[in-house]
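Text of entry-v5.cif (mmCIF, C-alpha atoms) as supplied:
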```cif
data_run
loop_
_atom_site.group_PDB
_atom_site.id
_atom_site.type_symbol
_atom_site.label_atom_id
_atom_site.label_comp_id
_atom_site.auth_asym_id
_atom_site.auth_seq_id
_atom_site.Cartn_x
_atom_site.Cartn_y
_atom_site.Cartn_z
ATOM 1 C CA MET A 3 136.470 183.304 182.400
ATOM 2 C CA ASN A 4 136.592 181.497 185.686
ATOM 3 C CA TYR A 5 134.985 178.061 186.076
ATOM 4 C CA SER A 6 134.352 176.666 189.556
ATOM 5 C CA LEU A 7 134.987 172.965 190.169
ATOM 6 C CA GLY A 8 132.507 172.997 193.041
ATOM 7 C CA ASP A 9 134.451 171.036 195.652
ATOM 8 C CA ALA A 10 138.182 171.748 195.934
ATOM 9 C CA VAL A 11 140.554 168.997 194.781
ATOM 10 C CA SER A 12 143.819 168.372 196.654
ATOM 11 C CA SER A 13 145.014 164.894 195.660
ATOM 12 C CA GLY A 14 145.613 162.772 192.577
ATOM 13 C CA ALA A 15 145.904 164.596 189.271
ATOM 14 C CA LEU A 16 143.731 167.146 187.487
ATOM 15 C CA TYR A 17 143.580 167.686 183.734
ATOM 16 C CA PHE A 18 142.213 170.367 181.457
ATOM 17 C CA ALA A 19 142.116 170.318 177.668
ATOM 18 C CA PHE A 20 140.909 172.560 174.893
ATOM 19 C CA ASP A 21 141.467 173.340 171.233
ATOM 20 C CA ILE A 22 143.535 176.387 170.383
ATOM 21 C CA SER A 23 144.115 178.299 167.149
ATOM 22 C CA VAL A 24 146.112 181.526 167.043
ATOM 23 C CA ALA A 25 145.533 183.991 164.212
ATOM 24 C CA SER A 26 148.386 185.622 162.307
ATOM 25 C CA SER A 27 150.777 187.662 164.449
ATOM 26 C CA SER A 28 149.725 190.888 162.691
ATOM 27 C CA ALA A 29 146.602 190.826 164.878
ATOM 28 C CA TYR A 30 148.606 191.290 168.096
ATOM 29 C CA THR A 31 150.798 193.878 169.753
ATOM 30 C CA GLY A 32 153.662 193.232 172.129
ATOM 31 C CA THR A 33 157.194 192.000 171.888
ATOM 32 C CA SER A 34 158.754 188.642 171.188
ATOM 33 C CA ASN A 35 159.767 186.627 174.265
ATOM 34 C CA ASP A 36 156.931 188.262 176.201
ATOM 35 C CA HIS A 37 155.229 185.091 177.434
ATOM 36 C CA GLU A 38 151.718 185.743 178.687
ATOM 37 C CA TYR A 39 149.721 183.120 180.546
ATOM 38 C CA PHE A 40 146.126 182.677 179.517
ATOM 39 C CA ALA A 41 144.875 179.500 181.227
ATOM 40 C CA HIS A 42 145.520 177.948 184.654
ATOM 41 C CA TRP A 43 144.277 176.010 187.673
ATOM 42 C CA GLY A 44 143.796 178.052 190.808
ATOM 43 C CA THR A 45 142.187 179.005 194.041
ATOM 44 C CA ASN A 46 141.868 182.574 195.320
ATOM 45 C CA ALA A 47 145.217 184.220 194.473
ATOM 46 C CA SER A 48 147.246 181.015 193.976
ATOM 47 C CA PHE A 49 147.674 179.646 190.464
ATOM 48 C CA THR A 50 149.434 176.645 188.940
ATOM 49 C CA SER A 51 149.720 174.933 185.553
ATOM 50 C CA ARG A 52 149.830 178.310 183.820
ATOM 51 C CA VAL A 53 149.844 177.970 180.041
ATOM 52 C CA ASP A 54 151.952 180.653 178.355
ATOM 53 C CA LEU A 55 152.008 181.844 174.764
ATOM 54 C CA ASP A 56 154.776 183.743 172.991
ATOM 55 C CA LEU A 57 154.422 185.084 169.447
ATOM 56 C CA SER A 58 157.055 185.215 166.752
ATOM 57 C CA GLY A 59 156.870 186.389 163.183
ATOM 58 C CA THR A 60 156.223 182.904 161.847
ATOM 59 C CA GLY A 61 154.257 181.178 164.613
ATOM 60 C CA PHE A 62 153.944 180.869 168.356
ATOM 61 C CA THR A 63 155.433 178.907 171.227
ATOM 62 C CA LEU A 64 153.516 177.404 174.149
ATOM 63 C CA GLY A 65 154.960 176.929 177.618
ATOM 64 C CA ILE A 66 153.963 175.874 181.121
ATOM 65 C CA ALA A 67 154.694 177.087 184.650
ATOM 66 C CA SER A 68 153.925 175.583 188.057
ATOM 67 C CA VAL A 69 155.124 178.516 190.140
ATOM 68 C CA SER A 70 156.147 181.446 187.943
ATOM 69 C CA SER A 71 153.886 183.766 185.958
ATOM 70 C CA THR A 72 156.268 183.200 183.022
ATOM 71 C CA ALA A 73 156.875 179.878 181.268
ATOM 72 C CA GLU A 74 159.361 177.701 183.149
ATOM 73 C CA VAL A 75 159.678 175.435 180.079
ATOM 74 C CA THR A 76 158.478 175.792 176.483
ATOM 75 C CA LEU A 77 157.702 173.334 173.729
ATOM 76 C CA PRO A 78 160.761 172.807 171.518
ATOM 77 C CA SER A 79 158.881 173.421 168.262
ATOM 78 C CA GLU A 80 157.060 176.502 167.127
ATOM 79 C CA ALA A 81 153.357 176.051 166.338
ATOM 80 C CA SER A 82 151.816 177.504 163.174
ATOM 81 C CA PHE A 83 149.295 180.330 163.028
ATOM 82 C CA ASP A 84 145.747 179.536 161.861
ATOM 83 C CA THR A 85 146.082 175.843 162.767
ATOM 84 C CA THR A 86 143.947 174.151 165.407
ATOM 85 C CA TYR A 87 145.803 172.180 168.082
ATOM 86 C CA ARG A 88 144.559 170.141 171.048
ATOM 87 C CA LEU A 89 146.237 171.312 174.259
ATOM 88 C CA VAL A 90 146.189 169.064 177.368
ATOM 89 C CA VAL A 91 147.547 170.004 180.801
ATOM 90 C CA GLU A 92 147.981 167.905 183.931
ATOM 91 C CA TYR A 93 148.716 169.017 187.493
ATOM 92 C CA ASP A 94 149.978 166.200 189.737
ATOM 93 C CA PHE A 95 149.325 166.863 193.445
ATOM 94 C CA THR A 96 151.935 164.328 194.584
ATOM 95 C CA THR A 97 154.869 165.752 192.595
ATOM 96 C CA LYS A 98 153.422 169.276 192.245
ATOM 97 C CA ILE A 99 154.553 169.181 188.618
ATOM 98 C CA SER A 100 152.612 170.524 185.625
ATOM 99 C CA THR A 101 152.775 168.780 182.246
ATOM 100 C CA LEU A 102 151.729 170.108 178.821
ATOM 101 C CA TRP A 103 150.932 168.091 175.697
ATOM 102 C CA LEU A 104 150.158 169.477 172.250
ATOM 103 C CA ASP A 105 148.075 167.169 170.028
ATOM 104 C CA PRO A 106 148.692 164.069 172.164
ATOM 105 C CA VAL A 107 147.585 160.619 171.108
ATOM 106 C CA THR A 108 148.226 159.048 174.537
ATOM 107 C CA SER A 109 149.734 160.134 177.868
ATOM 108 C CA GLU A 110 153.040 158.778 176.510
ATOM 109 C CA SER A 111 153.030 161.345 173.664
ATOM 110 C CA SER A 112 155.745 163.992 173.592
ATOM 111 C CA ASN A 113 155.271 166.544 176.385
ATOM 112 C CA ILE A 114 157.030 169.078 178.583
ATOM 113 C CA SER A 115 156.950 169.253 182.385
ATOM 114 C CA THR A 116 157.971 171.882 184.856
ATOM 115 C CA CYS A 117 161.058 171.249 186.964
ATOM 116 C CA ALA A 118 159.947 173.439 189.853
ATOM 117 C CA ALA A 119 157.446 172.002 192.286
ATOM 118 C CA GLY A 120 154.243 173.992 192.420
ATOM 119 C CA VAL A 121 152.578 175.665 195.338
ATOM 120 C CA GLY A 122 152.656 174.220 198.865
ATOM 121 C CA SER A 123 151.204 170.947 200.033
ATOM 122 C CA SER A 124 148.047 172.551 201.456
ATOM 123 C CA PHE A 125 147.058 173.873 198.009
ATOM 124 C CA ALA A 126 143.622 172.750 196.851
ATOM 125 C CA ILE A 127 142.382 173.620 193.378
ATOM 126 C CA ASP A 128 138.831 174.825 193.058
ATOM 127 C CA ASP A 129 138.723 176.617 189.693
ATOM 128 C CA PHE A 130 139.946 176.754 186.124
ATOM 129 C CA SER A 131 140.496 180.095 184.390
ATOM 130 C CA ILE A 132 140.958 180.967 180.769
#
```

Taking this structure as input, can you express it in the form of structure tokens?
Amino acid sequence: MNYSLGDAVSSGALYFAFDISVASSSAYTGTSNDHEYFAHWGTNASFTSRVDLDLSGTGFTLGIASVSSTAEVTLPSEASFDTTYRLVVEYDFTTKISTLWLDPVTSESSNISTCAAGVGSSFAIDDFSI
């Protein structure tokens, strides 16, 4: 699903957040270490802050990418199936860095950030896709 922001945003920081629960791995096909992105900021054919998910036999791992279609960095701990988590993502237009939190209490909570700067300085975000 693609959600328009109306006016494009090109400065400051943008956030999206949602709850996520992943059912047991027996419900899915594919291979381990096959990160697939399922949510991101974007405009036309340019995407950033891509949230990736990789399944294992006992849980799943979430990651984030600013440039790549595959996670540039992943959370250090595996998440459990059938558990609801709050996922929060920030894209900072100044640094062009994406940050991912899982069940944060504040912005100082444990998080991961991309090392690679995102798309070019003229990039303006006008939609969110999931």

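For the pair atom CA of Met3 of chain A and atom CA of Ser71 of chain A, the separation is 17.8 Å.
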
Here is a test: counting all atoms listed in the file, which residue of A:Asp129, A:Asp9, A:Asp94, A:Glu38 is nearest to Arg52 of chain A? A:Glu38

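When all atoms listed in the file are used to compute distances to Phe130 of chain A, the closest of the residues A:Glu80, A:Tyr93, A:Thr86, A:Ser58 turns out to be A:Tyr93.
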
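Nearest residue to Ser100 of chain A, choosing from A:Ser112, A:Ser70, A:Thr50, A:Thr63 and counting all atoms listed in the file: A:Thr50.
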
Could you jot down the atom CA of Ser111 of chain A to atom CA of Ser48 of chain A separation for me, Å, one decimal place? 28.9 Å

Students should find that atom CA of Phe40 of chain A and atom CA of Ser109 of chain A are spaced 22.9 Å

Residue with the minimum atom-to-atom distance to Ser51 of chain A, picked from A:Ser82, A:Thr101, A:Ser131, A:Thr108 with only C-alpha atoms counted, is A:Thr101

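Here, the PyMOL selection byres ((chain A and resi 23) around 7) matches Asp21, Ile22, Val24, Ala25, Phe83, Asp84, Thr85, Thr86 and Tyr87 of chain A.
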
Could you check the closest approach to Gly65 of chain A for each of A:Phe49, A:Tyr39, A:Phe20, A:Phe125 and tell me which residue wins, using all atoms listed in the file? A:Tyr39
